[in-house]
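model-v8.txt (compact mmCIF, C-alpha atoms) appears below.
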# COMPACT_ATOMS: atom_id res chain seq x y z
CA MET A 277 10.72 -26.70 2.55
CA LYS A 278 14.27 -25.39 2.65
CA LYS A 279 14.69 -21.67 1.91
CA VAL A 280 17.91 -20.23 0.52
CA GLN A 281 18.90 -16.63 1.34
CA LEU A 282 20.03 -14.57 -1.65
CA GLY A 283 20.73 -11.29 0.20
CA PRO A 284 18.98 -7.97 -0.50
CA LYS A 285 17.87 -7.97 -4.16
CA THR A 286 15.25 -6.29 -6.36
CA LEU A 287 13.51 -9.56 -7.11
CA LEU A 288 9.82 -9.35 -8.00
CA TYR A 289 7.60 -11.31 -10.41
CA PRO A 290 6.09 -9.97 -12.58
CA MET A 291 7.87 -6.77 -13.48
CA PRO A 292 6.53 -4.56 -16.25
CA ALA A 293 8.41 -3.17 -19.27
CA PHE A 294 7.06 0.34 -19.80
CA LEU A 295 8.22 3.06 -22.15
CA ILE A 296 8.43 6.29 -20.16
CA GLY A 297 8.03 9.39 -22.33
CA ALA A 298 9.17 12.96 -21.80
CA ASP A 299 10.03 15.96 -23.94
CA ILE A 300 13.61 17.14 -23.46
CA ALA A 301 14.27 20.59 -24.90
CA GLY A 302 11.15 20.15 -27.03
CA ARG A 303 12.11 16.74 -28.43
CA PRO A 304 10.29 13.53 -27.43
CA ASN A 305 12.30 10.72 -25.86
CA PHE A 306 11.37 7.32 -24.41
CA MET A 307 13.18 5.04 -21.98
CA THR A 308 12.32 1.54 -20.81
CA ALA A 309 11.46 1.14 -17.13
CA ALA A 310 10.66 -2.04 -15.23
CA TRP A 311 10.51 -0.30 -11.88
CA SER A 312 7.02 1.08 -11.74
CA GLY A 313 3.71 0.34 -10.06
CA ILE A 314 0.39 1.81 -8.95
CA ALA A 315 0.65 4.06 -5.87
CA CYS A 316 -2.92 5.21 -5.16
CA SER A 317 -6.47 4.69 -6.33
CA THR A 318 -8.18 8.01 -5.56
CA PRO A 319 -6.66 10.03 -7.09
CA PRO A 320 -5.05 7.49 -9.44
CA MET A 321 -1.26 7.63 -9.13
CA LEU A 322 1.76 5.56 -10.12
CA THR A 323 5.47 5.42 -9.34
CA VAL A 324 8.41 5.16 -11.69
CA ALA A 325 12.02 4.87 -10.51
CA LEU A 326 14.73 6.41 -12.70
CA GLN A 327 18.48 6.70 -12.21
CA HIS A 328 19.46 10.28 -11.52
CA HIS A 329 21.55 10.68 -14.68
CA ARG A 330 18.73 9.65 -17.03
CA HIS A 331 18.02 11.94 -19.98
CA THR A 332 14.28 11.20 -19.51
CA LEU A 333 14.41 12.37 -15.88
CA ARG A 334 15.76 15.72 -17.13
CA GLY A 335 12.67 16.02 -19.34
CA ILE A 336 10.31 15.02 -16.52
CA LYS A 337 11.79 17.76 -14.30
CA GLU A 338 11.64 20.27 -17.17
CA ASN A 339 7.93 19.81 -17.89
CA GLY A 340 6.52 18.30 -14.67
CA VAL A 341 4.75 15.68 -16.79
CA PHE A 342 5.52 12.32 -18.38
CA SER A 343 3.82 9.40 -20.07
CA VAL A 344 3.75 5.65 -19.44
CA ASN A 345 3.35 3.64 -22.64
CA ILE A 346 2.54 -0.06 -22.44
CA PRO A 347 4.11 -1.95 -25.34
CA SER A 348 2.58 -5.06 -26.86
CA ALA A 349 4.66 -8.19 -27.44
CA ASP A 350 5.32 -7.20 -31.07
CA LEU A 351 7.28 -4.16 -29.81
CA VAL A 352 9.77 -6.27 -27.83
CA LYS A 353 12.78 -5.15 -29.93
CA GLU A 354 11.85 -1.47 -29.66
CA THR A 355 11.21 -1.83 -25.91
CA ASP A 356 14.59 -3.41 -25.35
CA TYR A 357 16.35 -0.86 -27.57
CA CYS A 358 14.92 2.05 -25.56
CA GLY A 359 16.46 0.50 -22.44
CA ILE A 360 19.90 0.06 -23.99
CA VAL A 361 20.64 3.38 -25.69
CA SER A 362 20.42 6.94 -24.32
CA GLY A 363 18.33 9.70 -25.86
CA GLN A 364 21.29 11.95 -25.25
CA LYS A 365 23.10 10.21 -28.12
CA GLU A 366 20.35 8.68 -30.26
CA ASP A 367 17.00 9.74 -31.69
CA LYS A 368 15.08 6.74 -30.39
CA VAL A 369 11.80 7.89 -31.95
CA ALA A 370 13.36 7.80 -35.42
CA ALA A 371 15.23 4.53 -34.83
CA CYS A 372 12.05 2.81 -33.59
CA ARG A 373 9.77 4.54 -36.13
CA PHE A 374 7.44 5.59 -33.32
CA THR A 375 4.52 7.86 -34.20
CA VAL A 376 4.32 10.39 -31.36
CA PHE A 377 1.14 12.07 -30.22
CA TYR A 378 0.23 14.46 -27.40
CA GLY A 379 -2.92 14.69 -25.26
CA LEU A 380 -4.41 16.55 -22.32
CA LEU A 381 -1.11 17.55 -20.68
CA LYS A 382 0.33 18.91 -23.98
CA THR A 383 3.99 18.08 -23.22
CA ALA A 384 3.87 14.35 -22.36
CA PRO A 385 4.77 12.55 -25.61
CA MET A 386 3.05 9.22 -26.26
CA ILE A 387 3.63 6.35 -28.70
CA GLU A 388 0.73 5.61 -31.03
CA GLN A 389 1.93 2.01 -31.60
CA CYS A 390 1.62 1.22 -27.87
CA PRO A 391 -1.94 0.03 -27.13
CA VAL A 392 -2.18 1.83 -23.77
CA ASN A 393 -0.81 5.28 -22.87
CA LEU A 394 -1.10 7.07 -19.54
CA GLU A 395 -0.48 10.81 -19.13
CA CYS A 396 0.92 11.72 -15.70
CA LYS A 397 1.60 14.89 -13.77
CA VAL A 398 4.49 14.82 -11.27
CA MET A 399 3.26 15.08 -7.65
CA HIS A 400 6.34 14.05 -5.66
CA THR A 401 9.96 13.13 -6.36
CA LEU A 402 11.91 11.21 -3.71
CA HIS A 403 15.66 10.73 -3.85
CA LEU A 404 16.13 7.21 -2.55
CA GLY A 405 19.74 6.39 -3.45
CA SER A 406 20.65 5.31 -6.96
CA HIS A 407 17.15 6.22 -8.16
CA ALA A 408 14.68 9.09 -8.09
CA LEU A 409 11.18 7.81 -7.34
CA VAL A 410 8.74 9.93 -9.32
CA ILE A 411 5.10 9.77 -8.17
CA GLY A 412 2.75 10.86 -10.92
CA GLN A 413 -0.97 11.45 -10.92
CA ILE A 414 -2.64 9.70 -13.87
CA GLU A 415 -4.57 12.43 -15.68
CA GLU A 416 -5.72 10.58 -18.80
CA VAL A 417 -5.59 7.09 -20.28
CA HIS A 418 -5.59 6.46 -24.02
CA VAL A 419 -6.29 3.02 -25.50
CA SER A 420 -6.03 2.05 -29.17
CA GLU A 421 -9.55 1.56 -30.46
CA ASP A 422 -8.74 -1.90 -31.84
CA CYS A 423 -7.65 -3.05 -28.34
CA LEU A 424 -11.02 -2.45 -26.75
CA ALA A 425 -13.81 -4.95 -26.14
CA GLY A 426 -16.78 -2.63 -25.96
CA GLU A 427 -15.64 0.16 -23.67
CA GLU A 428 -13.05 -1.88 -21.75
CA PRO A 429 -9.45 -2.72 -22.62
CA ASP A 430 -9.05 -6.30 -23.88
CA LEU A 431 -5.99 -8.14 -22.58
CA LEU A 432 -5.72 -10.50 -25.55
CA LYS A 433 -5.73 -7.61 -28.01
CA ILE A 434 -3.28 -5.53 -25.94
CA ASN A 435 -0.95 -8.55 -25.64
CA PRO A 436 1.42 -6.86 -23.16
CA LEU A 437 4.99 -7.74 -22.25
CA ILE A 438 6.40 -8.93 -18.94
CA TYR A 439 9.99 -8.29 -17.90
CA CYS A 440 11.69 -11.07 -15.96
CA THR A 441 14.81 -11.00 -13.87
CA GLY A 442 16.72 -14.06 -12.70
CA ALA A 443 19.51 -16.18 -14.14
CA GLU A 444 18.70 -14.62 -17.48
CA LYS A 445 16.87 -11.31 -18.08
CA THR A 446 14.01 -11.94 -20.49
CA TYR A 447 10.71 -10.70 -21.89
CA HIS A 448 7.68 -12.94 -21.70
CA ALA A 449 4.12 -12.88 -23.00
CA PHE A 450 1.06 -13.29 -20.81
CA GLY A 451 0.00 -16.91 -20.40
CA GLN A 452 -3.23 -18.73 -19.71
CA ARG A 453 -6.05 -17.26 -17.67
CA LEU A 454 -6.04 -19.09 -14.33
CA ALA A 455 -9.07 -17.71 -12.51
CA GLN A 456 -11.39 -14.79 -11.94
CA ALA A 457 -10.27 -12.40 -9.20
CA PHE A 458 -12.51 -11.53 -6.22
CA SER A 459 -14.23 -14.84 -6.87
CA VAL A 460 -12.02 -17.97 -6.88
CA GLY A 461 -10.85 -17.22 -3.32
CA MET A 462 -14.35 -17.78 -1.96
CA GLU A 463 -13.73 -21.52 -2.36
CA ILE A 464 -11.38 -21.21 0.64
CA GLU A 465 -14.12 -19.51 2.64
CA LYS A 466 -16.59 -22.30 1.77
CA ALA A 467 -14.06 -25.04 2.61
CA LYS A 468 -13.56 -23.75 6.17
CA PRO A 469 -14.66 -26.19 8.87
CA MET B 666 -4.66 4.54 -35.31
CA LYS B 667 -7.59 5.95 -33.39
CA LYS B 668 -7.12 6.34 -29.62
CA VAL B 669 -10.05 6.30 -27.20
CA GLN B 670 -9.82 8.25 -23.93
CA LEU B 671 -10.92 6.33 -20.82
CA GLY B 672 -10.29 9.07 -18.24
CA PRO B 673 -7.91 8.80 -15.27
CA LYS B 674 -7.59 5.11 -14.34
CA THR B 675 -5.12 2.78 -12.62
CA LEU B 676 -4.52 0.76 -15.78
CA LEU B 677 -1.17 -1.01 -16.04
CA TYR B 678 -0.12 -4.36 -17.55
CA PRO B 679 1.24 -6.46 -15.93
CA MET B 680 0.26 -5.96 -12.31
CA PRO B 681 1.56 -8.32 -9.64
CA ALA B 682 -0.42 -10.25 -7.02
CA PHE B 683 1.70 -10.20 -3.88
CA LEU B 684 0.87 -11.36 -0.38
CA ILE B 685 1.98 -8.63 2.04
CA GLY B 686 2.77 -9.95 5.50
CA ALA B 687 2.80 -8.24 8.88
CA ASP B 688 2.39 -9.21 12.52
CA ILE B 689 -0.54 -7.47 14.19
CA ALA B 690 -0.51 -7.72 17.97
CA GLY B 691 1.87 -10.67 17.61
CA ARG B 692 -0.27 -12.57 15.08
CA PRO B 693 0.76 -12.97 11.43
CA ASN B 694 -1.57 -11.69 8.73
CA PHE B 695 -1.36 -11.50 4.94
CA MET B 696 -3.19 -9.33 2.41
CA THR B 697 -3.11 -9.38 -1.37
CA ALA B 698 -1.68 -6.32 -3.10
CA ALA B 699 -1.41 -5.60 -6.81
CA TRP B 700 -0.11 -2.09 -6.27
CA SER B 701 3.56 -2.57 -5.76
CA GLY B 702 6.82 -2.12 -7.65
CA ILE B 703 10.57 -1.63 -7.31
CA ALA B 704 11.56 1.88 -6.17
CA CYS B 705 15.37 1.85 -6.04
CA SER B 706 18.33 -0.35 -6.87
CA THR B 707 21.02 0.76 -4.38
CA PRO B 708 19.83 0.28 -1.71
CA PRO B 709 17.13 -2.11 -3.00
CA MET B 710 13.68 -0.73 -2.21
CA LEU B 711 10.08 -1.36 -3.20
CA THR B 712 6.70 0.34 -2.83
CA VAL B 713 3.39 -1.08 -1.72
CA ALA B 714 0.17 0.93 -1.63
CA LEU B 715 -2.40 0.04 1.05
CA GLN B 716 -5.74 1.59 1.92
CA HIS B 717 -5.54 3.43 5.24
CA HIS B 718 -8.02 1.17 7.02
CA ARG B 719 -6.12 -2.05 6.26
CA HIS B 720 -5.41 -4.37 9.16
CA THR B 721 -2.03 -5.15 7.57
CA LEU B 722 -1.08 -1.46 7.53
CA ARG B 723 -1.67 -1.38 11.29
CA GLY B 724 0.86 -4.19 11.66
CA ILE B 725 3.36 -2.49 9.36
CA LYS B 726 3.18 0.66 11.48
CA GLU B 727 3.43 -1.37 14.68
CA ASN B 728 6.66 -3.18 13.72
CA GLY B 729 8.20 -0.98 11.02
CA VAL B 730 8.71 -4.10 8.90
CA PHE B 731 6.74 -6.24 6.46
CA SER B 732 7.20 -9.02 3.93
CA VAL B 733 6.36 -9.43 0.25
CA ASN B 734 5.51 -13.00 -0.66
CA ILE B 735 5.30 -14.00 -4.33
CA PRO B 736 2.72 -16.75 -4.83
CA SER B 737 2.99 -19.38 -7.53
CA ALA B 738 0.06 -20.16 -9.82
CA ASP B 739 -1.03 -23.08 -7.62
CA LEU B 740 -1.77 -20.57 -4.81
CA VAL B 741 -4.29 -18.62 -6.88
CA LYS B 742 -7.23 -19.43 -4.56
CA GLU B 743 -5.30 -18.47 -1.43
CA THR B 744 -4.03 -15.28 -3.09
CA ASP B 745 -7.54 -14.24 -4.05
CA TYR B 746 -8.94 -15.15 -0.62
CA CYS B 747 -6.38 -12.92 1.14
CA GLY B 748 -7.61 -10.01 -0.97
CA ILE B 749 -11.29 -10.62 -0.20
CA VAL B 750 -11.41 -11.11 3.58
CA SER B 751 -9.92 -9.00 6.39
CA GLY B 752 -7.52 -10.29 9.01
CA GLN B 753 -9.55 -8.33 11.51
CA LYS B 754 -12.31 -10.94 11.15
CA GLU B 755 -10.59 -14.07 9.88
CA ASP B 756 -7.45 -16.04 10.65
CA LYS B 757 -6.21 -16.15 7.06
CA VAL B 758 -3.11 -18.19 7.96
CA ALA B 759 -5.33 -20.99 9.30
CA ALA B 760 -7.87 -20.78 6.47
CA CYS B 761 -5.10 -20.95 3.82
CA ARG B 762 -3.01 -23.50 5.78
CA PHE B 763 0.05 -21.27 5.39
CA THR B 764 3.25 -22.30 7.16
CA VAL B 765 4.70 -19.07 8.55
CA PHE B 766 8.41 -18.46 9.10
CA TYR B 767 10.48 -15.48 10.23
CA GLY B 768 13.93 -14.31 9.13
CA LEU B 769 16.44 -11.53 9.61
CA LEU B 770 13.95 -8.86 10.68
CA LYS B 771 12.31 -11.14 13.30
CA THR B 772 8.79 -9.65 13.03
CA ALA B 773 8.05 -9.86 9.28
CA PRO B 774 6.05 -13.08 8.82
CA MET B 775 6.61 -15.00 5.59
CA ILE B 776 4.78 -17.85 3.84
CA GLU B 777 6.83 -21.00 3.31
CA GLN B 778 4.60 -22.13 0.40
CA CYS B 779 5.41 -18.96 -1.59
CA PRO B 780 8.57 -19.56 -3.65
CA VAL B 781 9.99 -16.05 -3.11
CA ASN B 782 9.82 -13.95 0.09
CA LEU B 783 11.26 -10.47 0.62
CA GLU B 784 11.80 -8.96 4.08
CA CYS B 785 11.44 -5.17 4.11
CA LYS B 786 12.07 -2.36 6.57
CA VAL B 787 9.84 0.72 6.29
CA MET B 788 11.81 3.79 5.13
CA HIS B 789 9.01 6.23 4.18
CA THR B 790 5.21 6.33 4.28
CA LEU B 791 3.40 8.83 2.04
CA HIS B 792 -0.27 9.62 2.42
CA LEU B 793 -1.44 10.05 -1.16
CA GLY B 794 -5.23 9.98 -0.91
CA SER B 795 -7.11 6.69 -0.59
CA HIS B 796 -3.79 4.87 -0.08
CA ALA B 797 -0.67 5.00 2.06
CA LEU B 798 2.41 4.39 -0.08
CA VAL B 799 4.89 2.43 2.01
CA ILE B 800 8.48 2.46 0.76
CA GLY B 801 10.44 -0.47 2.16
CA GLN B 802 14.10 -1.34 1.97
CA ILE B 803 14.60 -4.98 0.95
CA GLU B 804 16.80 -6.48 3.65
CA GLU B 805 16.73 -10.16 2.70
CA VAL B 806 15.34 -12.40 -0.04
CA HIS B 807 14.41 -16.03 0.57
CA VAL B 808 13.82 -18.47 -2.29
CA SER B 809 12.58 -22.05 -1.97
CA GLU B 810 15.50 -24.34 -2.72
CA ASP B 811 13.49 -26.29 -5.31
CA CYS B 812 12.85 -23.05 -7.27
CA LEU B 813 16.52 -22.33 -7.91
CA ALA B 814 18.57 -23.22 -10.99
CA GLY B 815 22.04 -23.25 -9.53
CA GLU B 816 22.20 -20.09 -7.44
CA GLU B 817 19.59 -18.12 -9.41
CA PRO B 818 15.79 -18.16 -9.17
CA ASP B 819 14.18 -20.14 -11.99
CA LEU B 820 11.06 -18.58 -13.50
CA LEU B 821 9.55 -21.87 -14.68
CA LYS B 822 9.86 -23.39 -11.21
CA ILE B 823 8.56 -20.26 -9.45
CA ASN B 824 5.60 -20.12 -11.87
CA PRO B 825 4.33 -16.72 -10.62
CA LEU B 826 0.92 -15.13 -10.99
CA ILE B 827 -0.06 -11.99 -12.87
CA TYR B 828 -3.05 -9.86 -11.88
CA CYS B 829 -5.02 -8.31 -14.72
CA THR B 830 -7.50 -5.50 -14.69
CA GLY B 831 -9.92 -4.67 -17.49
CA ALA B 832 -13.42 -5.79 -18.41
CA GLU B 833 -12.90 -8.73 -16.07
CA LYS B 834 -10.37 -8.93 -13.22
CA THR B 835 -8.35 -12.11 -13.62
CA TYR B 836 -5.19 -13.97 -12.69
CA HIS B 837 -2.91 -15.23 -15.44
CA ALA B 838 0.18 -17.39 -15.69
CA PHE B 839 3.38 -16.32 -17.39
CA GLY B 840 3.46 -17.17 -21.10
CA GLN B 841 6.14 -17.88 -23.65
CA ARG B 842 9.62 -16.40 -23.50
CA LEU B 843 9.77 -13.78 -26.25
CA ALA B 844 13.36 -12.57 -26.19
CA GLN B 845 16.47 -11.93 -24.14
CA ALA B 846 16.64 -8.46 -22.57
CA PHE B 847 19.56 -6.08 -23.16
CA SER B 848 20.15 -8.01 -26.36
CA VAL B 849 17.21 -8.23 -28.82
CA GLY B 850 17.06 -4.40 -29.01
CA MET B 851 20.46 -4.28 -30.69
CA GLU B 852 18.76 -5.43 -33.89
CA ILE B 853 17.24 -1.93 -34.08
CA GLU B 854 20.70 -0.40 -33.71
CA LYS B 855 22.07 -2.62 -36.49
CA ALA B 856 19.13 -1.84 -38.80
CA LYS B 857 19.71 1.91 -38.65
CA PRO B 858 20.62 3.46 -42.01
Here is the file; what I need is its structure written in the form of structure tokens.
Amino acid sequence: MKKVQLGPKTLLYPMPAFLIGADIAGRPNFMTAAWSGIACSTPPMLTVALQHHRHTLRGIKENGVFSVNIPSADLVKETDYCGIVSGQKEDKVAACRFTVFYGLLKTAPMIEQCPVNLECKVMHTLHLGSHALVIGQIEEVHVSEDCLAGEEPDLLKINPLIYCTGAEKTYHAFGQRLAQAFSVGMEIEKAKP
Amino acid sequence: MKKVQLGPKTLLYPMPAFLIGADIAGRPNFMTAAWSGIACSTPPMLTVALQHHRHTLRGIKENGVFSVNIPSADLVKETDYCGIVSGQKEDKVAACRFTVFYGLLKTAPMIEQCPVNLECKVMHTLHLGSHALVIGQIEEVHVSEDCLAGEEPDLLKINPLIYCTGAEKTYHAFGQRLAQAFSVGMEIEKAKP
């Protein structure tokens, strides 16, 4: 199969579309971030990359805490809006009609309408070039009661967004369930000669 | 809306399912990683978190380079298998019938069957607890020619996997296109009083 070289590019599938929350001078603000992932299991940690000039980054430095809010597909407009405009100029909470709540860390604002909210404490900040890579320890996870199946989060009820890069930048929904993890791969093991 | 607290957890949607490649003592090996994300734009960088005992991490340290291979949905069995077994015991390349190729960095093995392959050079390694967080600079991106639309990667042709955590750990396909990014959010701006 012929491979074509595209040069160095930030090309991954899937990318998330998270709403990163921070208080700036006592006022909650949220920005959209696709550049985030899990960094450690024990203790649980995640990364989020923010451009140095970001209003949200100012708030993260101010309080040493932030939140990661996972929007559902019905918040696609709000998610996109929070990635277009700056909290320096606009009150995004008012424009998006977000209901803000606080939890364990007191100063990490969270969005009630997002089905999953993680409160994080800053552990490390690396200056990598255009972006600051913030490594946060996940201190608490909040899930909307109606998005649980028993005591576990239910993917179909959460209905999260995917951000896609490529010819066109788009948001997608989750598609069909393909297989169970830590299980379907054993068919390869069994098929070995 | 009532929120339920689940305690500190590595709960994000979506998570990827990447095949991380490294040569160990001259032999290519691949492991599945869901804990990865973009870390910087200029220069392009990404993170991948690996448990300290991982055979693949040994190879990454040995060569200072690694690859990120993005599997398509039809590689779901192989992707799961590479997360279950260790390259210390099994020849995963043979078991999965992967065709391995090398590029710019010479010692970062890549999988021809995966539609997108990123070659990365290690810039930083952070020891965070159970995991080492490897920060790699993306030096080259390879895309299978039949997964391009003109000069850009085509999501429908790439058909990537999503890894999902929750009550059940599963792989999912991408679903419907919901909206165009950096565009649909302007409806919020226009609706402001």
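Note that atom CA of Pro292 of chain A and atom CA of Ile438 of chain A are 5.1 Å apart.
One distance worth recording is that between atom CA of Leu791 of chain B and atom CA of Pro284 of chain A, which is 23.1 Å.
Residues of protein, DNA and RNA with at least one atom no farther than 7 Å from (-5.7, -9.4, 0.9) are, using all atoms listed in the file, B:Leu684, B:Phe695, B:Met696, B:Thr697, B:Ala698, B:Tyr746, B:Cys747, B:Gly748, B:Ile749, B:Val750, B:Ser751.
Coordinates place atom CA of Glu338 of chain A at a distance of 22.2 Å from atom CA of Phe374 of chain A.
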Close residues, Leu711 of chain B itself excluded, 6 Å, only C-alpha atoms, min 5 positions apart in chain, as a PyMOL selection string:
chain B and resi 702-704+800-801
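Proximity to His837 of chain B at 7 Å, evaluated using all atoms listed in the file and with sequence-adjacent residues fewer than 6 positions away removed, yields Phe450, Gly451, Gln452, Arg453 and Leu454 of chain A; Leu826, Ile827 and Tyr828 of chain B.
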Find the spatial neighbours of Thr744 of chain B, counting all atoms listed in the file, within a cut-off of 12 Å - ignore same-chain residues fewer than 6 positions away - and output them as an MDAnalysis selection string.
(chainID A and resid 455:464) or (chainID B and resid 681:685 695:699 734:738 750 757:758 760:761 763 776 778:779 825:828 835:836)
Ranking A:Leu351, A:Ile300, A:Leu282, A:Val344 by minimum distance to chain B and counting all atoms listed in the file, which one comes first?
A:Leu282
Out of B:His807, B:Lys674, B:Lys742, B:Lys754, which residue has the shortest atom-to-atom distance to Asn694 of chain B when counting only C-alpha atoms?
B:Lys754
